[in-house]
Amino acid sequence: KAGVTQTPRYLIKTRGQQVTLSCSPISGHRSVSWYQQTPGQGLQFLFEYFSETQRNKGNFPGRFSGRQFSNSRSEMNVSTLELGDSALYLCASSLGQTSGRAGGEQYFGPGTRLTVT
Amino acid sequence: GQQVMQIPQYQHVQEGEDFTTYCNSSTTLSNIQWYKQRPGGHPVFLIQLVKSGEVKKQKRLTFQFGEAKKNSSLHITATQTTDVGTYFCAARGSSGSARQLTFGSGTQLTVLP
């Protein structure tokens, strides 16, 4: 099976602009989660989508939004970019189970490195 | 969500020495997962623990889940340079918003040859 893919891999934007990142999960995976990774803050959970519905949301401002399509592909959007939004944005897919032994592990994509200047 | 504390933040060891990272939660967990992220890479799933007191081994790696399902540890015996990276625990609570996966801050392991 092909792994999780994310596009673009690198992005440079200016403060105030908006950006859309894309994630294609592993075939058959219905859950897609997004994380922001920075050296000082580690892996911060943004949101999780399961079957096109947002199942969980982290503590990020409303400038961060996402969606999932019927083919499980997901996009996240950041509006009015700030310097502090510079980070590695990771997408992870899973089967979506949240209990029990199988299906809860997440498979991460290579990430999108966003730089805001 | 919930709070997950992971210690230590950094660990430098000589090749051949052992290494342990610990993860603690104030609430009872449904399960806990461990991931490894190599420098410049992305997190890679290692294992998931579900049962109270569970112990699992993968070659030189030993994973434990506490009896109260509030803490976990990853122990590496006789580290090698290939073990370099950041190890994250990821905890899932039992109900509501706590069911989202919450990552610890990670332990960055450096192995000196």
# chains A, B, ... in the order shown; residues from 1 in each chain; ligands from 1
$ residues_around --residues "segment 104-110 of chain B" --least-positions-apart "4" --cutoff "6 Å" --atoms "only C-alpha atoms" --output "PyMOL selection string"
(chain A and resi 42) or (chain B and resi 4-6+8-12+84-89)
$ write_last_selection --atoms "N, CA and C atoms" --output "compact mmCIF listing (two decimals), in the first residue's frame"
# COMPACT_ATOMS: atom_id res chain seq x y z
N GLY A 42 6.64 20.64 20.50
CA GLY A 42 6.39 19.23 20.20
C GLY A 42 5.27 19.06 19.20
N VAL B 4 -0.25 14.95 29.17
CA VAL B 4 0.64 13.80 29.20
C VAL B 4 2.05 14.32 29.41
N MET B 5 2.66 13.91 30.49
CA MET B 5 4.02 14.34 30.81
C MET B 5 5.00 13.26 30.40
N GLN B 6 6.06 13.66 29.71
CA GLN B 6 7.07 12.70 29.28
C GLN B 6 8.42 13.20 29.74
N PRO B 8 12.81 11.85 30.38
CA PRO B 8 13.36 13.20 30.33
C PRO B 8 13.13 13.83 28.95
N GLN B 9 13.45 15.10 28.83
CA GLN B 9 13.30 15.77 27.54
C GLN B 9 14.46 15.40 26.61
N TYR B 10 15.64 15.27 27.19
CA TYR B 10 16.83 14.89 26.43
C TYR B 10 17.57 13.79 27.20
N GLN B 11 18.26 12.94 26.44
CA GLN B 11 19.09 11.92 27.05
C GLN B 11 20.26 11.62 26.12
N HIS B 12 21.46 11.77 26.70
CA HIS B 12 22.66 11.40 25.95
C HIS B 12 23.22 10.15 26.60
N VAL B 84 19.12 6.48 17.63
CA VAL B 84 19.03 7.95 17.72
C VAL B 84 17.69 8.43 17.17
N GLY B 85 17.08 9.37 17.90
CA GLY B 85 15.82 9.95 17.45
C GLY B 85 15.04 10.45 18.64
N THR B 86 13.83 10.88 18.38
CA THR B 86 12.95 11.34 19.45
C THR B 86 11.83 10.32 19.62
N TYR B 87 11.63 9.91 20.85
CA TYR B 87 10.61 8.92 21.17
C TYR B 87 9.43 9.62 21.82
N PHE B 88 8.26 9.41 21.25
CA PHE B 88 7.03 10.02 21.76
C PHE B 88 6.09 8.95 22.28
N CYS B 89 5.47 9.23 23.41
CA CYS B 89 4.32 8.44 23.79
C CYS B 89 3.08 9.21 23.31
$ interface_residues --of "chain B" --to "chain A" --cutoff "8 Å" --atoms "only C-alpha atoms" --output "ChimeraX atom specification"
/B:1,30-31,33,41-45,47-50,92,97,99-106
$ residues_around --residues "segment 13-17 of chain A" --least-positions-apart "5" --cutoff "10 Å" --atoms "only C-alpha atoms" --output "ChimeraX atom specification"
/A:78-86,114-117
$ atom_distance --atom1 "atom CA of Thr20 of chain A" --atom2 "atom CA of Met76 of chain A"
5.7 Å
$ residues_around --residues "Ala2 of chain A" --least-positions-apart "4" --cutoff "9 Å" --atoms "only C-alpha atoms" --output "PyMOL selection string"
chain A and resi 25-27
$ select_by_dssp --residues "segment 22-63 of chain B" --states "strand (DSSP E)" --output "PyMOL selection string"
chain B and resi 22-25+29-37+44-49+55-58+61-63
$ closest_residue --among "B:Ser94, B:Glu15, B:Ser26, B:Lys57" --to "Lys70 of chain B" --atoms "only C-alpha atoms"
B:Ser26
$ atom_distance --atom1 "atom CA of Thr112 of chain A" --atom2 "atom CA of Pro39 of chain B"
15.4 Å
